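Heads up, run35.csv below (CSV, C-alpha atoms):
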```csv
chain,number,residue,atom,x,y,z
E,1,MET,CA,-12.3,3.0,-3.0
E,2,ARG,CA,-15.2,0.7,-2.9
E,3,ILE,CA,-13.6,-1.3,0.0
E,4,ALA,CA,-13.0,1.9,1.9
E,5,GLN,CA,-16.6,2.9,1.5
E,6,ARG,CA,-17.8,-0.4,2.7
E,7,ASN,CA,-15.5,-0.3,5.7
E,8,ARG,CA,-16.7,3.2,6.5
E,9,ALA,CA,-20.3,2.2,6.4
E,10,ASP,CA,-19.6,-0.8,8.7
E,11,TYR,CA,-17.9,1.5,11.1
E,12,LYS,CA,-20.8,4.0,11.1
E,13,SER,CA,-23.4,1.3,11.6
E,14,GLY,CA,-21.3,-0.5,14.3
E,15,LEU,CA,-21.2,-3.7,12.4
E,16,ASN,CA,-17.4,-3.7,12.5
E,17,LYS,CA,-17.6,-4.4,16.2
E,18,ASN,CA,-20.2,-7.2,15.7
E,19,PHE,CA,-18.6,-9.5,13.1
E,20,ALA,CA,-18.1,-13.1,14.1
E,21,GLN,CA,-14.4,-13.9,14.8
E,22,LYS,CA,-12.2,-16.9,14.8
E,23,ALA,CA,-12.4,-18.7,18.1
E,24,SER,CA,-12.4,-22.1,19.8
E,25,LYS,CA,-15.4,-24.1,18.9
E,26,PRO,CA,-18.0,-24.8,21.6
E,27,VAL,CA,-18.1,-28.2,23.2
E,28,SER,CA,-21.0,-30.6,23.0
E,29,GLU,CA,-22.2,-29.1,19.7
E,30,ILE,CA,-24.6,-30.9,17.5
E,31,GLU,CA,-25.2,-30.8,13.7
E,32,VAL,CA,-28.6,-29.1,13.6
E,33,LEU,CA,-29.1,-28.4,9.9
E,34,THR,CA,-27.4,-29.8,6.8
E,35,ILE,CA,-27.8,-29.0,3.1
E,36,GLU,CA,-26.2,-31.1,0.3
E,37,GLN,CA,-25.5,-29.9,-3.2
E,38,PRO,CA,-24.0,-31.4,-6.3
E,39,ILE,CA,-20.8,-30.1,-8.0
E,40,TYR,CA,-21.3,-30.5,-11.8
E,41,TYR,CA,-18.4,-31.1,-14.1
E,42,ASN,CA,-16.9,-28.4,-16.2
E,43,PRO,CA,-13.3,-27.9,-17.5
E,44,LEU,CA,-12.5,-25.8,-14.4
E,45,ALA,CA,-14.4,-27.9,-11.8
E,46,ALA,CA,-11.1,-29.1,-10.1
E,47,ASN,CA,-10.1,-25.5,-9.6
E,48,LYS,CA,-13.5,-24.7,-8.2
E,49,VAL,CA,-13.2,-27.5,-5.6
E,50,PHE,CA,-9.7,-26.3,-4.7
E,51,ASN,CA,-11.0,-22.7,-4.2
E,52,ILE,CA,-13.8,-24.0,-2.1
E,53,GLU,CA,-11.4,-25.9,0.1
E,54,LEU,CA,-9.3,-22.8,0.7
E,55,ALA,CA,-12.4,-20.7,1.7
E,56,ILE,CA,-14.0,-23.2,4.0
E,57,LYS,CA,-10.8,-23.6,6.0
E,58,GLU,CA,-11.2,-20.0,7.0
E,59,ILE,CA,-14.9,-20.2,7.6
E,60,GLU,CA,-14.8,-23.3,9.8
E,61,GLN,CA,-12.6,-21.4,12.3
E,62,VAL,CA,-15.3,-18.8,13.0
E,63,VAL,CA,-17.7,-19.0,15.8
E,64,ILE,CA,-20.8,-16.8,15.5
E,65,GLN,CA,-22.1,-15.8,19.0
E,66,PRO,CA,-25.7,-14.9,19.6
E,67,GLY,CA,-26.4,-11.5,17.9
E,68,GLN,CA,-23.2,-11.5,16.0
E,69,VAL,CA,-23.1,-11.2,12.2
E,70,PHE,CA,-21.2,-13.6,9.9
E,71,SER,CA,-19.6,-11.9,6.9
E,72,PHE,CA,-18.2,-14.0,4.0
E,73,TRP,CA,-15.6,-11.4,3.0
E,74,HIS,CA,-14.7,-10.4,6.5
E,75,THR,CA,-13.9,-14.1,7.1
E,76,VAL,CA,-12.4,-15.2,3.8
E,77,GLY,CA,-10.7,-12.0,2.7
E,78,ASN,CA,-9.7,-11.2,-0.9
E,79,PRO,CA,-9.3,-14.4,-2.9
E,80,THR,CA,-6.1,-13.6,-4.7
E,81,GLN,CA,-3.7,-15.7,-6.7
E,82,GLU,CA,-1.0,-14.9,-4.0
E,83,LYS,CA,-3.2,-16.7,-1.5
E,84,GLY,CA,-3.4,-19.7,-3.7
E,85,TYR,CA,-6.7,-19.3,-5.4
E,86,LYS,CA,-7.1,-20.6,-8.9
E,87,THR,CA,-9.0,-19.6,-12.0
E,88,GLY,CA,-12.7,-20.7,-12.0
E,89,ARG,CA,-15.9,-19.8,-13.6
E,90,ASN,CA,-17.7,-16.6,-12.5
E,91,ILE,CA,-20.6,-14.5,-13.8
E,92,ILE,CA,-19.0,-11.1,-14.5
E,93,GLY,CA,-21.5,-8.5,-15.7
E,94,ASP,CA,-24.0,-10.5,-17.7
E,95,SER,CA,-21.7,-13.3,-19.0
E,96,LEU,CA,-19.8,-16.3,-17.8
E,97,LYS,CA,-16.0,-15.7,-17.6
E,98,GLU,CA,-12.9,-17.1,-16.0
E,99,ASP,CA,-11.6,-15.3,-12.9
E,100,ILE,CA,-9.4,-15.9,-9.9
E,101,GLY,CA,-11.4,-17.4,-7.1
E,102,GLY,CA,-14.2,-18.7,-9.4
E,103,GLY,CA,-16.6,-21.1,-7.8
E,104,LEU,CA,-16.8,-19.4,-4.4
E,105,CYS,CA,-20.4,-18.4,-5.0
E,106,GLN,CA,-21.4,-22.0,-4.3
E,107,VAL,CA,-20.0,-21.5,-0.8
E,108,SER,CA,-21.8,-18.2,-0.3
E,109,GLY,CA,-24.9,-19.7,-1.7
E,110,ILE,CA,-25.0,-22.7,0.6
E,111,ILE,CA,-24.4,-20.4,3.5
E,112,TYR,CA,-27.3,-18.3,2.5
E,113,HIS,CA,-29.6,-21.3,2.0
E,114,LEU,CA,-28.5,-22.6,5.5
E,115,ALA,CA,-29.2,-19.3,7.1
E,116,LEU,CA,-32.6,-19.0,5.4
E,117,THR,CA,-33.7,-22.4,6.5
E,118,ALA,CA,-32.4,-21.9,10.1
E,119,GLY,CA,-34.5,-18.7,10.4
E,120,MET,CA,-31.5,-16.4,10.7
E,121,GLU,CA,-31.7,-12.7,9.9
E,122,ILE,CA,-30.4,-12.0,6.4
E,123,VAL,CA,-28.3,-8.8,6.7
E,124,GLU,CA,-27.0,-8.8,3.1
E,125,ARG,CA,-27.5,-11.0,0.1
E,126,HIS,CA,-27.3,-10.5,-3.7
E,127,ASN,CA,-28.6,-12.9,-6.3
E,128,HIS,CA,-26.8,-13.6,-9.6
E,129,THR,CA,-27.7,-11.3,-12.4
E,130,LEU,CA,-28.0,-14.1,-15.0
E,131,ASP,CA,-29.8,-17.4,-14.9
E,132,LEU,CA,-27.4,-19.8,-16.6
E,133,TYR,CA,-28.7,-23.2,-15.7
E,134,GLU,CA,-31.2,-25.7,-17.1
E,135,GLU,CA,-33.6,-27.0,-14.4
E,136,ASN,CA,-31.8,-30.4,-14.1
E,137,LYS,CA,-28.4,-28.7,-13.7
E,138,ARG,CA,-29.1,-26.4,-10.8
E,139,TYR,CA,-27.0,-27.0,-7.7
E,140,THR,CA,-29.5,-25.0,-5.6
E,141,PRO,CA,-33.1,-23.8,-6.1
E,142,LEU,CA,-33.3,-20.6,-8.1
E,143,GLY,CA,-33.7,-17.9,-5.5
E,144,ALA,CA,-31.4,-19.7,-3.0
E,145,ASP,CA,-28.2,-18.5,-4.6
E,146,ALA,CA,-25.9,-15.7,-3.3
E,147,THR,CA,-23.2,-14.1,-5.3
E,148,VAL,CA,-20.2,-12.5,-3.7
E,149,VAL,CA,-17.8,-10.0,-5.2
E,150,PHE,CA,-15.0,-8.8,-3.0
E,151,GLY,CA,-15.5,-5.2,-1.9
E,152,TYR,CA,-18.9,-5.0,-3.6
E,153,LYS,CA,-21.3,-7.8,-2.7
E,154,ASP,CA,-21.2,-9.9,0.5
E,155,ILE,CA,-23.4,-12.5,2.2
E,156,ARG,CA,-24.1,-11.6,5.8
E,157,PHE,CA,-26.5,-13.1,8.4
E,158,ARG,CA,-27.1,-12.6,12.1
E,159,ASN,CA,-27.2,-15.4,14.6
E,160,THR,CA,-30.7,-15.0,16.0
E,161,THR,CA,-30.5,-18.0,18.3
E,162,SER,CA,-29.4,-18.0,22.0
E,163,SER,CA,-26.4,-20.3,21.4
E,164,PRO,CA,-23.1,-19.9,19.5
E,165,ILE,CA,-23.1,-21.5,16.1
E,166,TYR,CA,-20.5,-22.4,13.5
E,167,LEU,CA,-20.4,-23.7,10.0
E,168,SER,CA,-18.9,-27.0,8.9
E,169,PHE,CA,-18.4,-28.3,5.3
E,170,SER,CA,-17.4,-31.4,3.3
E,171,VAL,CA,-16.4,-31.2,-0.3
E,172,SER,CA,-15.5,-33.7,-3.0
E,173,GLU,CA,-15.2,-33.5,-6.8
E,174,ASN,CA,-18.9,-34.0,-7.2
E,175,ASN,CA,-20.5,-33.2,-3.8
E,176,PHE,CA,-20.7,-30.2,-1.4
E,177,ILE,CA,-22.2,-30.4,2.1
E,178,GLY,CA,-22.8,-27.4,4.4
E,179,THR,CA,-23.8,-27.8,8.1
E,180,ILE,CA,-24.8,-25.5,10.9
E,181,CYS,CA,-23.6,-26.7,14.3
E,182,SER,CA,-25.0,-25.5,17.6
E,183,GLN,CA,-25.5,-26.5,21.2
E,184,GLU,CA,-29.2,-26.3,20.8
E,185,SER,CA,-31.6,-27.7,18.3
E,186,ILE,CA,-32.9,-25.5,15.4
E,187,VAL,CA,-36.2,-26.3,13.8
E,188,PRO,CA,-35.8,-25.7,10.1
E,189,PHE,CA,-38.2,-23.4,8.4
E,190,GLU,CA,-40.0,-24.3,5.2
E,191,LEU,CA,-39.1,-22.1,2.2
E,192,LYS,CA,-41.1,-21.2,-0.8
E,193,PHE,CA,-39.7,-19.9,-4.1
E,194,VAL,CA,-42.4,-18.2,-6.3
E,195,ARG,CA,-41.3,-17.7,-9.9
E,196,ALA,CA,-42.7,-15.3,-12.4
E,197,GLU,CA,-41.7,-15.4,-16.1
E,198,PHE,CA,-41.1,-12.5,-18.4
E,199,GLU,CA,-39.7,-12.2,-22.0
E,200,ARG,CA,-36.1,-11.4,-21.0
E,201,TYR,CA,-36.0,-12.2,-17.3
E,202,ARG,CA,-37.6,-14.1,-14.5
E,203,THR,CA,-38.2,-13.1,-10.9
E,204,ILE,CA,-38.2,-15.2,-7.7
E,205,GLU,CA,-39.9,-14.2,-4.5
E,206,THR,CA,-38.5,-16.0,-1.5
E,207,TYR,CA,-40.8,-16.7,1.4
E,208,ARG,CA,-40.1,-18.3,4.8
E,209,ILE,CA,-43.1,-20.0,6.4
E,210,ASN,CA,-43.3,-18.9,10.1
E,211,GLU,CA,-44.6,-20.8,13.1
E,212,LYS,CA,-48.2,-19.6,12.3
E,213,GLY,CA,-48.0,-20.9,8.8
E,214,GLN,CA,-47.8,-17.5,7.3
E,215,SER,CA,-45.6,-16.8,4.3
E,216,VAL,CA,-43.0,-14.0,5.1
E,217,LEU,CA,-41.3,-12.4,2.1
E,218,ILE,CA,-37.6,-12.4,2.6
E,219,ASN,CA,-36.5,-11.0,-0.7
E,220,LYS,CA,-37.2,-10.7,-4.4
E,221,SER,CA,-34.6,-11.7,-7.0
E,222,LYS,CA,-34.4,-10.8,-10.7
E,223,TYR,CA,-32.5,-12.9,-13.2
E,224,LEU,CA,-31.8,-12.1,-16.9
E,225,LEU,CA,-32.4,-15.0,-19.2
E,226,LYS,CA,-29.5,-16.6,-21.0
E,227,ARG,CA,-29.4,-15.6,-24.7
E,228,CYS,CA,-29.5,-18.4,-27.2
```
Represent the structure from my file as structure tokens, please.
Amino acid sequence: MRIAQRNRADYKSGLNKNFAQKASKPVSEIEVLTIEQPIYYNPLAANKVFNIELAIKEIEQVVIQPGQVFSFWHTVGNPTQEKGYKTGRNIIGDSLKEDIGGGLCQVSGIIYHLALTAGMEIVERHNHTLDLYEENKRYTPLGADATVVFGYKDIRFRNTTSSPIYLSFSVSENNFIGTICSQESIVPFELKFVRAEFERYRTIETYRINEKGQSVLINKSKYLLKRC
């Protein structure tokens, strides 16, 4: 039902006609922006890397034309066991559990971080509900994450440049790299993550610094704190 509702909303808004599709990659492209993240060990880390490899194979085939919208789930599809996805760690509700397709949030997160830095329009993004990590164990700044749940939560951004772009990745057992490729240069934007602490949760306001040096609020995220 939820998937049907989302498809209906995309149809009414016209987004269904504007999603980026699989296509031949442009020639003479350059790597214009790269973000590198660690992959920390846990008992299911190998499964996480395997799931990431399956997802990025689909994503790397997509070319995002100017004005088109990239959608994680429109591209990757439902990460089922039948498609080869393995059990990994996921935040479900307000706790950490094992689930098929676990670990894909690092892919959606690096895509969000790349889109933010490149100045793309963020069409849809959801932060995790729970802050699990100690400061020295974060693979991305708090506020630069993006959780995805098939049928419920997606990461979507619009290509606001005048050239087609595509995403490229490299993954190993302890390292994950995401890159935006284009035929034109993209000047990266400075990002600012402003944190506020409360008894049971913390918030992050994410700002992008524009060409005039002004801080533009992109979104505000709220994270429950891990219980001791």
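Nearest residue to Ala46 in chain E, choosing from E:Ala115, E:Lys25, E:Val171, E:Asn127 and counting all atoms listed in the file: E:Val171.
Near Pro38 in chain E, within 6 Å and counting all atoms listed in the file, sit Tyr139, Asn174 and Asn175 of chain E; same-chain residues fewer than 2 positions away were not included.
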Give me the residues within 10 Å of range 183-199 of chain E as a PDB file with C-alpha atoms, keeping the file's coordinate frame, counting all atoms listed in the file and dropping any in the same chain fewer than 2 places off.
```
ATOM      1  CA  PRO E  26     -18.000 -24.800  21.600  1.00  0.00           C
ATOM      2  CA  VAL E  27     -18.100 -28.200  23.200  1.00  0.00           C
ATOM      3  CA  SER E  28     -21.000 -30.600  23.000  1.00  0.00           C
ATOM      4  CA  GLU E  29     -22.200 -29.100  19.700  1.00  0.00           C
ATOM      5  CA  ILE E  30     -24.600 -30.900  17.500  1.00  0.00           C
ATOM      6  CA  GLU E  31     -25.200 -30.800  13.700  1.00  0.00           C
ATOM      7  CA  VAL E  32     -28.600 -29.100  13.600  1.00  0.00           C
ATOM      8  CA  LEU E  33     -29.100 -28.400   9.900  1.00  0.00           C
ATOM      9  CA  THR E  34     -27.400 -29.800   6.800  1.00  0.00           C
ATOM     10  CA  HIS E 113     -29.600 -21.300   2.000  1.00  0.00           C
ATOM     11  CA  LEU E 114     -28.500 -22.600   5.500  1.00  0.00           C
ATOM     12  CA  ALA E 115     -29.200 -19.300   7.100  1.00  0.00           C
ATOM     13  CA  LEU E 116     -32.600 -19.000   5.400  1.00  0.00           C
ATOM     14  CA  THR E 117     -33.700 -22.400   6.500  1.00  0.00           C
ATOM     15  CA  ALA E 118     -32.400 -21.900  10.100  1.00  0.00           C
ATOM     16  CA  GLY E 119     -34.500 -18.700  10.400  1.00  0.00           C
ATOM     17  CA  MET E 120     -31.500 -16.400  10.700  1.00  0.00           C
ATOM     18  CA  PRO E 141     -33.100 -23.800  -6.100  1.00  0.00           C
ATOM     19  CA  LEU E 142     -33.300 -20.600  -8.100  1.00  0.00           C
ATOM     20  CA  GLY E 143     -33.700 -17.900  -5.500  1.00  0.00           C
ATOM     21  CA  ALA E 144     -31.400 -19.700  -3.000  1.00  0.00           C
ATOM     22  CA  THR E 161     -30.500 -18.000  18.300  1.00  0.00           C
ATOM     23  CA  SER E 162     -29.400 -18.000  22.000  1.00  0.00           C
ATOM     24  CA  SER E 163     -26.400 -20.300  21.400  1.00  0.00           C
ATOM     25  CA  PRO E 164     -23.100 -19.900  19.500  1.00  0.00           C
ATOM     26  CA  ILE E 165     -23.100 -21.500  16.100  1.00  0.00           C
ATOM     27  CA  ILE E 180     -24.800 -25.500  10.900  1.00  0.00           C
ATOM     28  CA  CYS E 181     -23.600 -26.700  14.300  1.00  0.00           C
ATOM     29  CA  TYR E 201     -36.000 -12.200 -17.300  1.00  0.00           C
ATOM     30  CA  ARG E 202     -37.600 -14.100 -14.500  1.00  0.00           C
ATOM     31  CA  THR E 203     -38.200 -13.100 -10.900  1.00  0.00           C
ATOM     32  CA  ILE E 204     -38.200 -15.200  -7.700  1.00  0.00           C
ATOM     33  CA  GLU E 205     -39.900 -14.200  -4.500  1.00  0.00           C
ATOM     34  CA  THR E 206     -38.500 -16.000  -1.500  1.00  0.00           C
ATOM     35  CA  TYR E 207     -40.800 -16.700   1.400  1.00  0.00           C
ATOM     36  CA  ARG E 208     -40.100 -18.300   4.800  1.00  0.00           C
ATOM     37  CA  ILE E 209     -43.100 -20.000   6.400  1.00  0.00           C
ATOM     38  CA  ASN E 210     -43.300 -18.900  10.100  1.00  0.00           C
ATOM     39  CA  GLU E 211     -44.600 -20.800  13.100  1.00  0.00           C
ATOM     40  CA  GLY E 213     -48.000 -20.900   8.800  1.00  0.00           C
ATOM     41  CA  SER E 215     -45.600 -16.800   4.300  1.00  0.00           C
ATOM     42  CA  VAL E 216     -43.000 -14.000   5.100  1.00  0.00           C
ATOM     43  CA  LEU E 217     -41.300 -12.400   2.100  1.00  0.00           C
ATOM     44  CA  ILE E 218     -37.600 -12.400   2.600  1.00  0.00           C
ATOM     45  CA  LYS E 220     -37.200 -10.700  -4.400  1.00  0.00           C
ATOM     46  CA  SER E 221     -34.600 -11.700  -7.000  1.00  0.00           C
ATOM     47  CA  LYS E 222     -34.400 -10.800 -10.700  1.00  0.00           C
ATOM     48  CA  TYR E 223     -32.500 -12.900 -13.200  1.00  0.00           C
ATOM     49  CA  LEU E 224     -31.800 -12.100 -16.900  1.00  0.00           C
ATOM     50  CA  LEU E 225     -32.400 -15.000 -19.200  1.00  0.00           C
TER      51      LEU E 225
END
```
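Relative to CA of Asp99 in chain E, CA of Asn219 in chain E is found at 28.1 Å.
Distances from E:Ile56, E:Lys86, E:Asp131, E:Ile155 to Gly178 in chain E were compared using all atoms listed in the file, and the smallest one belongs to E:Ile56.
If you look at CA of His74 in chain E and CA of Tyr133 in chain E, they are 29.2 Å away from each other.
Across E:Asn18, E:Thr160, E:Thr129, E:Thr87, the tightest approach to Ser71 in chain E is made by E:Asn18 when counting only C-alpha atoms.
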Reconstruct range 180-207 of chain E at the level of N, CA and C atoms, and format the result as a PDB file, in the coordinates of the input.
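Okay, part_15.pdb is ready:
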```pdb
ATOM      1  N   ILE E 180     -24.826 -26.356   9.759  1.00  0.00           N
ATOM      2  CA  ILE E 180     -24.800 -25.500  10.900  1.00  0.00           C
ATOM      3  C   ILE E 180     -24.714 -26.308  12.167  1.00  0.00           C
ATOM      4  N   CYS E 181     -23.761 -25.987  13.021  1.00  0.00           N
ATOM      5  CA  CYS E 181     -23.600 -26.700  14.300  1.00  0.00           C
ATOM      6  C   CYS E 181     -23.919 -25.760  15.449  1.00  0.00           C
ATOM      7  N   SER E 182     -24.574 -26.281  16.465  1.00  0.00           N
ATOM      8  CA  SER E 182     -25.000 -25.500  17.600  1.00  0.00           C
ATOM      9  C   SER E 182     -25.081 -26.360  18.839  1.00  0.00           C
ATOM     10  N   GLN E 183     -25.256 -25.742  19.985  1.00  0.00           N
ATOM     11  CA  GLN E 183     -25.500 -26.500  21.200  1.00  0.00           C
ATOM     12  C   GLN E 183     -26.965 -26.679  21.500  1.00  0.00           C
ATOM     13  N   GLU E 184     -27.804 -26.101  20.660  1.00  0.00           N
ATOM     14  CA  GLU E 184     -29.200 -26.300  20.800  1.00  0.00           C
ATOM     15  C   GLU E 184     -29.845 -26.651  19.462  1.00  0.00           C
ATOM     16  N   SER E 185     -30.976 -27.299  19.502  1.00  0.00           N
ATOM     17  CA  SER E 185     -31.600 -27.700  18.300  1.00  0.00           C
ATOM     18  C   SER E 185     -32.228 -26.482  17.562  1.00  0.00           C
ATOM     19  N   ILE E 186     -32.281 -26.552  16.248  1.00  0.00           N
ATOM     20  CA  ILE E 186     -32.900 -25.500  15.400  1.00  0.00           C
ATOM     21  C   ILE E 186     -33.925 -26.160  14.546  1.00  0.00           C
ATOM     22  N   VAL E 187     -35.162 -25.732  14.671  1.00  0.00           N
ATOM     23  CA  VAL E 187     -36.200 -26.300  13.800  1.00  0.00           C
ATOM     24  C   VAL E 187     -36.162 -25.609  12.479  1.00  0.00           C
ATOM     25  N   PRO E 188     -35.943 -26.374  11.412  1.00  0.00           N
ATOM     26  CA  PRO E 188     -35.800 -25.700  10.100  1.00  0.00           C
ATOM     27  C   PRO E 188     -37.143 -25.159   9.618  1.00  0.00           C
ATOM     28  N   PHE E 189     -37.044 -24.030   8.930  1.00  0.00           N
ATOM     29  CA  PHE E 189     -38.200 -23.400   8.400  1.00  0.00           C
ATOM     30  C   PHE E 189     -38.449 -23.885   6.942  1.00  0.00           C
ATOM     31  N   GLU E 190     -39.700 -24.004   6.576  1.00  0.00           N
ATOM     32  CA  GLU E 190     -40.000 -24.300   5.200  1.00  0.00           C
ATOM     33  C   GLU E 190     -39.849 -23.061   4.343  1.00  0.00           C
ATOM     34  N   LEU E 191     -39.274 -23.228   3.171  1.00  0.00           N
ATOM     35  CA  LEU E 191     -39.100 -22.100   2.200  1.00  0.00           C
ATOM     36  C   LEU E 191     -39.937 -22.296   1.014  1.00  0.00           C
ATOM     37  N   LYS E 192     -40.312 -21.179   0.423  1.00  0.00           N
ATOM     38  CA  LYS E 192     -41.100 -21.200  -0.800  1.00  0.00           C
ATOM     39  C   LYS E 192     -40.542 -20.225  -1.795  1.00  0.00           C
ATOM     40  N   PHE E 193     -40.283 -20.702  -3.014  1.00  0.00           N
ATOM     41  CA  PHE E 193     -39.700 -19.900  -4.100  1.00  0.00           C
ATOM     42  C   PHE E 193     -40.774 -19.714  -5.171  1.00  0.00           C
ATOM     43  N   VAL E 194     -41.303 -18.511  -5.311  1.00  0.00           N
ATOM     44  CA  VAL E 194     -42.400 -18.200  -6.300  1.00  0.00           C
ATOM     45  C   VAL E 194     -41.823 -17.550  -7.488  1.00  0.00           C
ATOM     46  N   ARG E 195     -41.952 -18.205  -8.627  1.00  0.00           N
ATOM     47  CA  ARG E 195     -41.300 -17.700  -9.900  1.00  0.00           C
ATOM     48  C   ARG E 195     -42.363 -17.006 -10.755  1.00  0.00           C
ATOM     49  N   ALA E 196     -41.899 -15.945 -11.416  1.00  0.00           N
ATOM     50  CA  ALA E 196     -42.700 -15.300 -12.400  1.00  0.00           C
ATOM     51  C   ALA E 196     -41.835 -15.121 -13.683  1.00  0.00           C
ATOM     52  N   GLU E 197     -42.392 -15.421 -14.840  1.00  0.00           N
ATOM     53  CA  GLU E 197     -41.700 -15.400 -16.100  1.00  0.00           C
ATOM     54  C   GLU E 197     -42.005 -14.212 -16.948  1.00  0.00           C
ATOM     55  N   PHE E 198     -40.953 -13.625 -17.528  1.00  0.00           N
ATOM     56  CA  PHE E 198     -41.100 -12.500 -18.400  1.00  0.00           C
ATOM     57  C   PHE E 198     -40.291 -12.761 -19.696  1.00  0.00           C
ATOM     58  N   GLU E 199     -40.383 -11.895 -20.672  1.00  0.00           N
ATOM     59  CA  GLU E 199     -39.700 -12.200 -22.000  1.00  0.00           C
ATOM     60  C   GLU E 199     -38.230 -12.290 -21.836  1.00  0.00           C
ATOM     61  N   ARG E 200     -37.591 -11.396 -21.109  1.00  0.00           N
ATOM     62  CA  ARG E 200     -36.100 -11.400 -21.000  1.00  0.00           C
ATOM     63  C   ARG E 200     -35.566 -11.661 -19.656  1.00  0.00           C
ATOM     64  N   TYR E 201     -36.440 -11.878 -18.692  1.00  0.00           N
ATOM     65  CA  TYR E 201     -36.000 -12.200 -17.300  1.00  0.00           C
ATOM     66  C   TYR E 201     -37.027 -12.920 -16.565  1.00  0.00           C
ATOM     67  N   ARG E 202     -36.635 -13.428 -15.417  1.00  0.00           N
ATOM     68  CA  ARG E 202     -37.600 -14.100 -14.500  1.00  0.00           C
ATOM     69  C   ARG E 202     -37.300 -13.543 -13.091  1.00  0.00           C
ATOM     70  N   THR E 203     -38.309 -13.585 -12.254  1.00  0.00           N
ATOM     71  CA  THR E 203     -38.200 -13.100 -10.900  1.00  0.00           C
ATOM     72  C   THR E 203     -38.516 -14.293  -9.928  1.00  0.00           C
ATOM     73  N   ILE E 204     -37.922 -14.260  -8.756  1.00  0.00           N
ATOM     74  CA  ILE E 204     -38.200 -15.200  -7.700  1.00  0.00           C
ATOM     75  C   ILE E 204     -38.497 -14.455  -6.419  1.00  0.00           C
ATOM     76  N   GLU E 205     -39.654 -14.688  -5.838  1.00  0.00           N
ATOM     77  CA  GLU E 205     -39.900 -14.200  -4.500  1.00  0.00           C
ATOM     78  C   GLU E 205     -39.681 -15.317  -3.507  1.00  0.00           C
ATOM     79  N   THR E 206     -38.830 -15.042  -2.533  1.00  0.00           N
ATOM     80  CA  THR E 206     -38.500 -16.000  -1.500  1.00  0.00           C
ATOM     81  C   THR E 206     -39.226 -15.802  -0.252  1.00  0.00           C
ATOM     82  N   TYR E 207     -39.964 -16.818   0.170  1.00  0.00           N
ATOM     83  CA  TYR E 207     -40.800 -16.700   1.400  1.00  0.00           C
ATOM     84  C   TYR E 207     -40.279 -17.750   2.412  1.00  0.00           C
TER      85      TYR E 207
END
```
